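A.B. asks: Next comes start_12.cif, mmCIF, C-alpha atoms and all ligand atoms:
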```cif
data_protein
loop_
_atom_site.label_atom_id
_atom_site.label_comp_id
_atom_site.auth_asym_id
_atom_site.auth_seq_id
_atom_site.Cartn_x
_atom_site.Cartn_y
_atom_site.Cartn_z
CA MET M 706 96.28 70.78 122.95
CA SER M 707 98.64 69.56 120.22
CA ALA M 708 102.30 69.10 121.09
CA ALA M 709 104.51 72.04 120.25
CA LEU M 710 106.06 71.75 116.80
CA PRO M 711 109.34 73.56 116.11
CA ARG M 712 108.51 76.68 114.12
CA ARG M 713 110.20 75.44 110.92
CA ASP M 714 108.34 72.14 111.07
CA PHE M 715 105.11 74.03 111.66
CA LEU M 716 105.48 76.23 108.63
CA THR M 717 107.01 73.75 106.19
CA GLY M 718 105.33 70.63 107.56
CA VAL M 719 101.90 72.12 107.69
CA PHE M 720 102.07 74.56 104.83
CA GLY M 721 104.41 72.46 102.73
CA SER M 722 101.83 69.70 102.49
CA VAL M 723 99.08 72.16 101.63
CA LEU M 724 101.04 74.03 99.02
CA ALA M 725 102.72 70.95 97.51
CA ALA M 726 99.64 68.80 97.36
CA GLY M 727 97.37 71.64 96.36
CA ILE M 728 94.64 70.13 98.46
CA ALA M 729 93.83 70.28 102.12
CA VAL M 730 95.36 67.22 103.73
CA PRO M 731 94.81 66.05 107.29
CA MET M 732 97.49 67.64 109.33
CA ARG M 733 98.13 69.19 112.66
CA SER M 734 95.91 72.23 112.72
CA ARG M 735 98.28 74.23 114.88
CA ALA M 736 101.41 74.20 116.98
CA ALA M 737 101.40 75.65 120.44
CA ASP M 738 104.67 77.45 119.80
CA LEU M 739 103.48 79.39 116.75
CA THR M 740 100.10 81.05 116.69
CA LEU M 741 98.71 84.21 115.13
CA LYS M 742 98.53 85.54 118.68
CA LYS M 743 102.24 85.02 119.30
CA ALA M 744 103.34 86.12 115.84
CA ALA M 745 101.45 89.39 116.35
CA GLN M 746 102.65 89.93 119.91
CA THR M 747 106.27 89.46 118.79
CA HIS M 748 105.79 92.54 116.61
CA GLU M 749 103.91 94.65 119.15
CA LEU M 750 100.55 93.94 117.58
CA PHE M 751 97.52 91.96 118.67
CA TRP M 752 95.59 89.37 116.67
CA GLY M 753 91.88 88.97 117.24
CA ALA M 754 88.75 87.55 115.68
CA ALA M 755 85.03 88.15 115.72
CA VAL M 756 83.07 85.29 117.26
CA GLN M 757 79.45 84.37 117.99
CA HIS M 758 78.38 83.05 121.37
CA MET M 759 76.84 79.88 119.94
CA GLU M 760 80.05 79.00 118.04
CA LEU M 761 81.95 79.09 121.34
CA ALA M 762 79.23 77.19 123.22
CA ARG M 763 78.62 74.39 120.68
CA ASP M 764 81.97 73.88 118.98
CA ALA M 765 84.65 73.05 121.54
CA THR M 766 87.36 72.47 118.92
CA PHE M 767 86.68 75.87 117.39
CA ALA M 768 86.59 77.47 120.84
CA ASP M 769 90.02 75.95 121.53
CA LEU M 770 91.36 77.43 118.28
CA VAL M 771 90.03 80.87 119.22
CA ALA M 772 91.64 80.70 122.66
CA GLU M 773 94.94 79.59 121.15
CA GLN M 774 95.14 81.92 118.16
CA CYS M 775 93.58 85.14 119.47
CA ALA M 776 94.53 87.70 122.09
CA VAL M 777 91.30 89.63 121.50
CA ILE M 778 87.77 88.61 120.55
CA VAL M 779 84.87 90.71 119.28
CA PRO M 780 81.17 89.79 119.57
CA GLU M 781 80.04 89.54 115.95
CA TRP M 782 76.56 90.82 116.72
CA GLU M 783 75.73 90.16 120.40
CA MET M 784 76.61 93.67 121.61
CA LYS M 785 74.75 95.58 118.92
CA TRP M 786 71.79 97.67 120.00
CA ALA M 787 69.15 95.62 118.19
CA ALA M 788 70.51 92.46 119.82
CA ILE M 789 70.70 93.92 123.32
CA GLU M 790 67.49 95.95 123.66
CA LYS M 791 64.78 94.30 121.59
CA HIS M 792 62.26 95.70 124.09
CA ARG M 793 62.65 99.28 125.27
CA GLY M 794 64.08 99.53 128.76
CA LYS M 795 64.65 95.77 129.00
CA PRO M 796 68.20 95.11 127.79
CA ASN M 797 69.21 91.45 127.64
CA PHE M 798 72.95 91.00 128.13
CA ALA M 799 73.02 87.20 128.40
CA GLN M 800 74.50 86.43 124.95
CA ALA M 801 77.06 89.21 125.22
CA ASP M 802 77.93 88.12 128.75
CA ALA M 803 78.63 84.60 127.46
CA ILE M 804 81.34 85.93 125.15
CA VAL M 805 82.78 88.15 127.88
CA ARG M 806 82.88 85.13 130.19
CA PHE M 807 84.71 83.07 127.57
CA ALA M 808 87.29 85.83 127.17
CA SER M 809 87.83 86.11 130.92
CA GLU M 810 88.10 82.33 131.34
CA HIS M 811 90.78 82.16 128.62
CA GLY M 812 92.70 85.32 129.46
CA LEU M 813 91.58 87.14 126.32
CA LYS M 814 90.69 90.80 125.94
CA LEU M 815 87.72 92.14 123.98
CA ARG M 816 86.85 94.90 121.52
CA GLY M 817 83.36 96.29 122.05
CA HIS M 818 81.34 96.44 118.83
CA THR M 819 79.27 98.61 118.29
CA LEU M 820 77.10 101.16 120.09
CA ILE M 821 75.74 103.28 117.21
CA TRP M 822 75.19 101.57 113.83
CA HIS M 823 72.40 102.34 111.37
CA ARG M 824 71.99 98.62 110.62
CA SER M 825 71.29 97.62 114.22
CA ILE M 826 68.60 99.91 115.63
CA PRO M 827 65.83 98.21 117.65
CA GLU M 828 62.49 98.38 115.83
CA TRP M 829 60.91 100.38 118.68
CA ALA M 830 63.80 102.89 118.53
CA LYS M 831 63.39 103.52 114.81
CA ASP M 832 59.97 104.95 115.58
CA ILE M 833 61.08 107.35 118.29
CA LEU M 834 64.54 108.59 117.31
CA GLY M 835 63.12 111.65 115.61
CA GLN M 836 60.66 112.40 118.40
CA PRO M 837 61.21 114.36 121.64
CA GLY M 838 63.15 112.11 124.00
CA GLY M 839 64.66 110.13 121.11
CA TRP M 840 68.16 111.06 122.13
CA ASP M 841 67.47 109.90 125.69
CA ALA M 842 67.05 106.35 124.35
CA VAL M 843 70.42 106.57 122.59
CA ALA M 844 72.15 108.09 125.60
CA THR M 845 70.64 105.47 127.92
CA HIS M 846 71.94 102.69 125.65
CA ILE M 847 75.46 104.12 125.48
CA ALA M 848 75.58 104.52 129.27
CA ALA M 849 74.14 101.06 129.96
CA MET M 850 76.63 99.31 127.66
CA LEU M 851 79.68 101.17 128.92
CA HIS M 852 78.70 100.88 132.56
CA ARG M 853 78.57 97.09 132.01
CA TYR M 854 81.35 96.65 129.45
CA GLY M 855 83.51 99.73 129.80
CA ASP M 856 86.23 98.25 131.99
CA SER M 857 89.74 96.91 131.45
CA ARG M 858 88.51 93.61 129.99
CA PHE M 859 87.93 95.71 126.84
CA ILE M 860 90.77 97.35 124.91
CA HIS M 861 88.54 99.52 122.68
CA TRP M 862 84.93 100.28 121.90
CA ASP M 863 83.56 101.00 118.44
CA VAL M 864 81.28 103.80 119.58
CA LEU M 865 80.17 104.60 116.02
CA ASN M 866 80.13 102.28 113.00
CA GLU M 867 80.00 103.20 109.31
CA VAL M 868 79.05 106.87 109.66
CA ILE M 869 80.55 107.79 106.26
CA GLU M 870 78.60 107.46 103.01
CA PRO M 871 79.58 109.89 100.20
CA ASN M 872 76.86 108.41 97.97
CA ASP M 873 74.30 110.06 100.26
CA GLY M 874 75.36 113.33 98.67
CA ARG M 875 76.19 115.41 101.73
CA ASP M 876 79.09 117.86 101.53
CA ASP M 877 80.56 116.30 104.68
CA GLY M 878 80.27 112.80 103.21
CA LEU M 879 78.36 111.58 106.26
CA ARG M 880 75.78 108.83 105.98
CA ALA M 881 72.21 110.15 106.04
CA SER M 882 71.39 107.56 108.69
CA PRO M 883 68.36 107.60 111.03
CA PHE M 884 70.72 109.02 113.66
CA LEU M 885 71.83 111.88 111.44
CA LYS M 886 68.27 112.60 110.29
CA ALA M 887 67.06 112.70 113.89
CA PHE M 888 69.90 114.56 115.58
CA GLY M 889 72.05 116.13 112.84
CA PRO M 890 75.82 115.56 112.54
CA ASP M 891 76.26 116.39 116.24
CA TYR M 892 75.18 112.85 117.12
CA ILE M 893 78.76 111.86 116.40
CA PRO M 894 80.57 114.12 118.92
CA LEU M 895 77.69 113.72 121.37
CA SER M 896 78.01 109.91 121.28
CA LEU M 897 81.76 110.05 121.79
CA THR M 898 81.45 112.56 124.65
CA LEU M 899 78.82 110.44 126.39
CA ALA M 900 81.01 107.37 125.96
CA ARG M 901 83.98 109.14 127.53
CA GLU M 902 81.81 110.20 130.48
CA ALA M 903 80.50 106.63 130.92
CA ALA M 904 83.90 104.94 130.61
CA PRO M 905 86.71 107.49 131.13
CA GLY M 906 89.49 104.96 130.67
CA MET M 907 88.16 103.32 127.50
CA ARG M 908 89.75 103.84 124.07
CA LEU M 909 86.96 105.11 121.84
CA TYR M 910 86.88 104.27 118.12
CA ILE M 911 84.99 105.12 114.99
CA ASN M 912 84.92 102.05 112.71
CA GLU M 913 84.70 102.36 108.91
CA TYR M 914 84.65 100.19 105.81
CA GLY M 915 85.43 100.79 102.16
CA VAL M 916 88.68 102.74 102.53
CA ASP M 917 91.08 100.05 101.35
CA TYR M 918 91.00 100.03 97.55
CA ASP M 919 91.57 102.92 95.15
CA GLY M 920 88.36 103.40 93.26
CA SER M 921 86.60 106.76 93.21
CA VAL M 922 84.22 105.67 95.98
CA GLU M 923 87.06 104.59 98.26
CA ARG M 924 88.92 107.82 97.64
CA ALA M 925 85.80 109.80 98.58
CA ARG M 926 85.32 107.67 101.69
CA ARG M 927 88.93 108.20 102.78
CA ALA M 928 88.68 111.95 102.24
CA ALA M 929 85.41 112.18 104.18
CA LEU M 930 86.79 110.12 107.07
CA LEU M 931 89.92 112.25 107.27
CA ARG M 932 87.78 115.40 107.32
CA LEU M 933 85.62 113.97 110.10
CA VAL M 934 88.63 112.98 112.20
CA ASP M 935 90.23 116.40 111.64
CA THR M 936 87.03 118.16 112.74
CA LEU M 937 86.55 115.99 115.83
CA LYS M 938 90.18 116.32 116.94
CA THR M 939 90.21 120.08 116.28
CA GLU M 940 87.10 120.39 118.45
CA LYS M 941 88.77 118.19 121.10
CA VAL M 942 86.04 115.57 120.89
CA PRO M 943 87.17 112.36 122.62
CA LEU M 944 88.35 109.99 119.85
CA ASP M 945 91.24 107.60 120.40
CA GLY M 946 91.23 105.38 117.35
CA ILE M 947 89.92 104.52 113.93
CA GLY M 948 88.92 101.03 112.91
CA ILE M 949 89.59 100.15 109.29
CA GLN M 950 87.40 97.14 108.62
CA GLY M 951 89.58 95.62 105.90
CA HIS M 952 86.94 93.64 104.03
CA LEU M 953 89.02 92.65 101.01
CA ARG M 954 87.68 91.23 97.75
CA LEU M 955 88.97 89.37 94.71
CA ASP M 956 87.09 91.34 92.08
CA GLY M 957 90.06 93.15 90.60
CA SER M 958 89.32 96.46 92.35
CA PRO M 959 92.17 98.93 91.86
CA PHE M 960 94.58 98.98 94.79
CA SER M 961 97.26 101.56 95.49
CA GLU M 962 99.92 100.92 98.10
CA THR M 963 100.72 104.63 98.10
CA ALA M 964 97.11 105.72 98.53
CA LEU M 965 96.56 103.35 101.44
CA SER M 966 99.83 104.13 103.22
CA THR M 967 99.30 107.88 102.79
CA PHE M 968 95.77 107.57 104.17
CA LEU M 969 96.95 105.63 107.22
CA ARG M 970 99.77 108.11 107.77
CA ASP M 971 97.36 111.05 107.51
CA LEU M 972 94.98 109.40 109.96
CA ALA M 973 97.80 108.77 112.40
CA SER M 974 98.96 112.40 112.07
CA HIS M 975 95.71 113.37 113.82
CA GLY M 976 96.79 111.48 116.90
CA VAL M 977 94.58 108.41 116.56
CA ARG M 978 95.60 104.77 116.73
CA ILE M 979 94.46 102.37 114.00
CA THR M 980 93.14 98.81 114.13
CA ILE M 981 92.31 96.60 111.16
CA THR M 982 88.98 95.50 112.64
CA GLU M 983 87.22 93.06 110.25
CA LEU M 984 89.81 91.49 107.95
CA ASP M 985 88.48 88.88 105.54
CA VAL M 986 88.44 88.24 101.79
CA ARG M 987 85.34 87.84 99.65
CA GLU M 988 86.37 85.43 96.91
CA GLY M 989 85.41 85.65 93.25
CA ASP M 990 85.29 82.27 91.52
CA LEU M 991 84.71 79.59 94.16
CA LYS M 992 84.81 76.77 91.60
CA MET M 993 88.55 76.99 90.91
CA PRO M 994 90.98 74.44 92.44
CA LEU M 995 91.52 75.06 96.14
CA ASN M 996 95.23 75.77 95.79
CA ILE M 997 94.55 78.55 93.27
CA ARG M 998 91.76 80.00 95.40
CA ASP M 999 93.87 79.89 98.55
CA THR M 1000 96.86 81.45 96.81
CA ARG M 1001 94.70 84.34 95.58
CA VAL M 1002 93.34 84.95 99.07
CA ALA M 1003 96.84 84.82 100.54
CA ASP M 1004 98.23 87.22 97.94
CA GLU M 1005 95.41 89.74 98.54
CA VAL M 1006 95.94 89.70 102.32
CA ARG M 1007 99.72 89.88 101.95
CA ARG M 1008 99.51 92.90 99.66
CA TYR M 1009 97.19 94.67 102.10
CA LEU M 1010 99.03 93.86 105.31
CA ASP M 1011 102.42 94.69 103.81
CA VAL M 1012 101.12 98.25 103.50
CA ALA M 1013 99.01 98.50 106.64
CA LEU M 1014 101.60 97.02 108.98
CA GLN M 1015 104.24 99.56 107.97
CA GLU M 1016 102.17 102.28 109.62
CA PRO M 1017 103.39 102.49 113.26
CA ALA M 1018 99.95 103.65 114.45
CA VAL M 1019 98.44 100.30 113.42
CA GLU M 1020 98.21 98.34 116.64
CA GLY M 1021 96.32 95.21 115.80
CA ILE M 1022 94.33 93.09 113.41
CA VAL M 1023 90.97 91.43 113.94
CA SER M 1024 89.67 88.99 111.33
CA TRP M 1025 85.93 88.91 110.90
CA GLY M 1026 85.74 85.31 111.98
CA LEU M 1027 88.67 82.94 112.51
CA SER M 1028 87.57 80.00 110.37
CA ASP M 1029 85.69 79.57 107.09
CA ARG M 1030 83.42 77.30 109.09
CA TYR M 1031 81.80 80.44 110.44
CA SER M 1032 82.07 83.33 108.01
CA TRP M 1033 79.44 85.86 107.08
CA ARG M 1034 80.99 85.70 103.60
CA THR M 1035 79.58 82.17 103.14
CA THR M 1036 76.05 83.27 102.36
CA PRO M 1037 73.09 80.83 102.47
CA ALA M 1038 73.15 80.87 98.66
CA LEU M 1039 76.75 79.61 98.66
CA ARG M 1040 76.00 76.95 101.26
CA GLN M 1041 73.08 75.70 99.17
CA GLN M 1042 75.62 75.11 96.39
CA GLY M 1043 77.90 73.33 98.84
CA LEU M 1044 80.40 76.18 98.56
CA VAL M 1045 82.37 77.87 101.34
CA ASN M 1046 84.12 81.22 101.04
CA ARG M 1047 87.77 80.63 102.01
CA GLY M 1048 88.63 84.15 103.14
CA LEU M 1049 89.63 83.61 106.78
CA PRO M 1050 92.84 82.37 108.44
CA PHE M 1051 91.65 78.78 109.01
CA ASP M 1052 89.56 76.61 106.71
CA ASP M 1053 86.23 75.00 107.58
CA ALA M 1054 88.11 72.02 109.05
CA LEU M 1055 90.06 74.48 111.22
CA ARG M 1056 93.28 73.88 109.27
CA PRO M 1057 95.75 76.64 108.41
CA LYS M 1058 96.01 77.70 104.78
CA ALA M 1059 98.32 79.68 102.53
CA VAL M 1060 96.77 82.85 103.98
CA THR M 1061 97.78 81.85 107.50
CA LYS M 1062 101.40 81.68 106.36
CA ALA M 1063 101.00 84.97 104.50
CA ILE M 1064 99.69 86.67 107.64
CA VAL M 1065 102.57 85.37 109.75
CA ALA M 1066 105.07 86.48 107.10
CA ALA M 1067 103.49 89.95 106.90
CA LEU M 1068 103.59 90.27 110.68
CA GLU M 1069 107.27 89.37 110.61
CA ARG M 1070 108.01 91.97 107.94
CA ARG M 1071 106.65 94.74 110.17
CA ARG M 1072 109.40 97.20 110.97
CA PRO M 1073 109.95 97.63 114.70
CA GLY M 1074 107.94 100.57 116.04
C1 LIG N 1 77.76 91.55 110.43
C2 LIG N 1 77.81 90.18 111.06
O1 LIG N 1 78.92 89.47 110.56
C3 LIG N 1 76.51 89.41 110.76
O2 LIG N 1 76.53 88.19 111.48
C4 LIG N 1 75.32 90.25 111.17
O3 LIG N 1 74.15 89.57 110.80
C5 LIG N 1 75.37 91.62 110.50
O4 LIG N 1 76.59 92.29 110.83
N1 LIG N 1 80.47 95.64 109.13
C6 LIG N 1 80.39 95.57 110.48
C7 LIG N 1 79.93 94.35 111.16
O5 LIG N 1 80.81 96.51 111.19
O6 LIG N 1 79.25 94.62 112.37
C8 LIG N 1 79.05 93.52 110.24
O7 LIG N 1 78.87 92.27 110.89
C9 LIG N 1 79.74 93.33 108.90
C10 LIG N 1 79.95 94.65 108.24
#
```
Let me see the file written as structure tokens.

C.D. replies:
Amino acid sequence: MSAALPRRDFLTGVFGSVLAAGIAVPMRSRAADLTLKKAAQTHELFWGAAVQHMELARDATFADLVAEQCAVIVPEWEMKWAAIEKHRGKPNFAQADAIVRFASEHGLKLRGHTLIWHRSIPEWAKDILGQPGGWDAVATHIAAMLHRYGDSRFIHWDVLNEVIEPNDGRDDGLRASPFLKAFGPDYIPLSLTLAREAAPGMRLYINEYGVDYDGSVERARRAALLRLVDTLKTEKVPLDGIGIQGHLRLDGSPFSETALSTFLRDLASHGVRITITELDVREGDLKMPLNIRDTRVADEVRRYLDVALQEPAVEGIVSWGLSDRYSWRTTPALRQQGLVNRGLPFDDALRPKAVTKAIVAALERRRPG
């Protein structure tokens, strides 16, 4: 573990060399006395990151960074239905357990992600959802996961993921997913009710994307999500929080501070807590000089967090990965060109960047709750 650097030295020494030189220079990657974890905790927030079990198993330096920078970790895919139950009735928890073990060994908490998601349905389940007994398979999965992972090691569970899709043309703006086609909209309250029965003390979330910018699609998504939350809370369906994924992008999409802050305030008015659950930035032009790219990423995250963190109901931030070394935003096509998307807090050499400083500064601008 690196020696503690005084805070000022950390920020100016580390960031000063990056910003002044405009290129990533070898430097201390972190100081024990200032981490994203501590900066968040100081302002009554938590900082977390999505991780994969093999990253933690094979990359000890990265695993150290996760343990030092994060209070919470989220399995990137290991707890999704298609990863757990490839064969009906034979769930395999080994990869998920490895991440849970890492968290326990390092004193970290976890977010469970995610029980019901249209993009992670086991092949065998796709064939039977619409048949008699289809719901039994779903209910069995929810119960199995929460009986194993529904305890105090977990702060929340994303019971449902990405249930909104206005482009599917429904008046309620719900996604016409295999779950909705098989069970109707009631699959949403049913899933939440089952989850509450399986893990009474767990904070249950619905997790959504595409509500951050101010295009017509985002406005429709926000409106549909607010309607869904209003309906569920009116009907006293167990729902404790909403995850806002926070996948940002540098494509010039319209952004409205007022629209986002009003949306978060309206969500909170329904009595739910809010977590930014998958923060990252998809870059535009990856061939520009690093300092320009990193400044653009930092500015986008700063603008977003300066709004989101002023909402008292926002309780934490999870980045979808901690380092550019492991980001879903670096697609195989980019890697073939030798390019890396630089949208996460630490670069592919595990060094802090302008965005790391921007995150810390945004955390420090949060008004006390
Ligand atoms: C992604 C993971 O990052 C990939 O590794 C996996 O192959 C597919 O899922 N929204 C979500 C996440 O809620 O679960 C998705 O994660 C990214 C989009």

A.B. asks: Pick from M:Glu913, M:Asp769, M:Asp971, M:Asp873: nearest to Pro1017 of chain M, with all atoms listed in the file counted?

C.D. replies: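 Of the candidates, the smallest distance to Pro1017 of chain M is held by M:Asp971.
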
A.B. asks: So that I can check the surroundings of His758 of chain M, please list as a ChimeraX atom specification every protein, DNA and RNA residue that reaches within 8 Å of it, counting all atoms listed in the file and ignoring chain neighbours fewer than 6 positions away.

C.D. replies: /M:780,783,800-801,803-804

A.B. asks: What residues of the protein or nucleic acid chains come within 6 Å of ligand LIG 1 (chain N) when you use only C-alpha atoms and all ligand atoms? Reply as a PyMOL selection string.

C.D. replies: chain M and resi 781-782+1033

A.B. asks: Could you give me, as a list in words, the residues that have an atom at most 8 Å away from the point (84.5, 116.9, 99.5) in the coordinates of the file, using all atoms listed in the file?

C.D. replies: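 Residues with an atom close enough to that point: Asp876, Asp877, Gly878, Ala925, Ala928 and Ala929 of chain M.
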
A.B. asks: With a distance cut-off of 10 Å and only C-alpha atoms, select the neighbouring residues of Arg926 of chain M, excluding the residue or stretch itself and same-chain residues fewer than 2 positions from it, and output the selection as an MDAnalysis selection string.

C.D. replies: chainID M and resid 869:872 878:879 913:917 920:924 928:932

A.B. asks: Write out as number ranges by chain the residues lying within 8 Å of Leu1049 of chain M, counting only C-alpha atoms and excluding same-chain residues fewer than 5 positions away.

C.D. replies: M: 984-986, 1024-1029, 1032, 1060

A.B. asks: Quote the spacing between atom CA of Thr1036 of chain M and atom CA of Ile949 of chain M in Å to one decimal place.

C.D. replies: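 One can read the atom CA of Thr1036 of chain M to atom CA of Ile949 of chain M distance as 22.7 Å.
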
A.B. asks: Select, from M:Pro943, M:Gly889, M:Gly948, M:Pro796, the residue with the minimum atom-to-atom distance to Val1023 of chain M, counting only C-alpha atoms.

C.D. replies: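 The answer is M:Gly948, which sits nearest to Val1023 of chain M.
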
A.B. asks: At a cut-off of 9 Å, using only C-alpha atoms, what residues contact Ala1054 of chain M? Leave out same-chain residues fewer than 2 positions from it and give the result as a ChimeraX atom specification.

C.D. replies: /M:734,1028-1030,1051-1052,1056-1057

A.B. asks: Out of M:Val1019, M:Ile997, M:Ala849, M:Ala787, which residue has the shortest atom-to-atom distance to Gly976 of chain M when counting all atoms listed in the file?

C.D. replies: M:Val1019

A.B. asks: Mind pulling up the distance from atom CA of His975 of chain M to atom CA of Leu815 of chain M?

C.D. replies: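 Taking atom CA of Leu815 of chain M and atom CA of His975 of chain M, their separation equals 24.9 Å.
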
A.B. asks: For a quick check of your reading of the model, name the residues lying within 10 Å of the coordinate (93.7, 90.6, 118.1), counting all atoms listed in the file, and write them as a list in words.

C.D. replies: Leu741, Lys742, Ala745, Gln746, Leu750, Phe751, Trp752, Gly753, Ala754, Ala755, Gln774, Cys775, Ala776, Val777, Ile778, Val779, Leu813, Lys814, Leu815, Arg816, Thr980, Ile981, Thr982, Glu1020, Gly1021, Ile1022, Val1023 and Ser1024 of chain M

A.B. asks: Restricting the calculation to all atoms listed in the file, which member of M:Arg1001, M:His846, M:Lys938, M:Arg806 is positioned closest to Lys791 of chain M?

C.D. replies: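 Checking each candidate against Lys791 of chain M, we get M:His846 as the closest.
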
A.B. asks: In Å to one decimal, how far is atom CA of Leu1014 of chain M from atom CA of Glu1069 of chain M?

C.D. replies: 9.7 Å

A.B. asks: Counting all atoms listed in the file, which residue out of M:Arg978, M:Arg858, M:Lys831, M:Arg954 sits closest to Leu909 of chain M?

C.D. replies: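 Closest residue, counting all atoms listed in the file: M:Arg978.
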
A.B. asks: Determine the nearest neighbour of Leu991 of chain M from the options M:Pro959, M:Gly1043, M:Pro827, M:Gly906, counting only C-alpha atoms.

C.D. replies: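 Ranked by minimum distance to Leu991 of chain M, first place goes to M:Gly1043.
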
A.B. asks: For Met784 of chain M, list every protein, DNA or RNA residue within 7 Å, evaluated using only C-alpha atoms, and leave out those in the same chain fewer than 5 positions away; present the list as a PyMOL selection string.

C.D. replies: chain M and resi 789+801+818-819

A.B. asks: Could the residues in this selection be written to a file with C-alpha atoms, as a PDB file, keeping the file's coordinate frame?

C.D. replies:
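So selection-v4.pdb came out as:
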```pdb
ATOM      1  CA  ILE M 789      70.700  93.920 123.320  1.00  0.00           C
ATOM      2  CA  ALA M 801      77.060  89.210 125.220  1.00  0.00           C
ATOM      3  CA  HIS M 818      81.340  96.440 118.830  1.00  0.00           C
ATOM      4  CA  THR M 819      79.270  98.610 118.290  1.00  0.00           C
TER       5      THR M 819
END
```
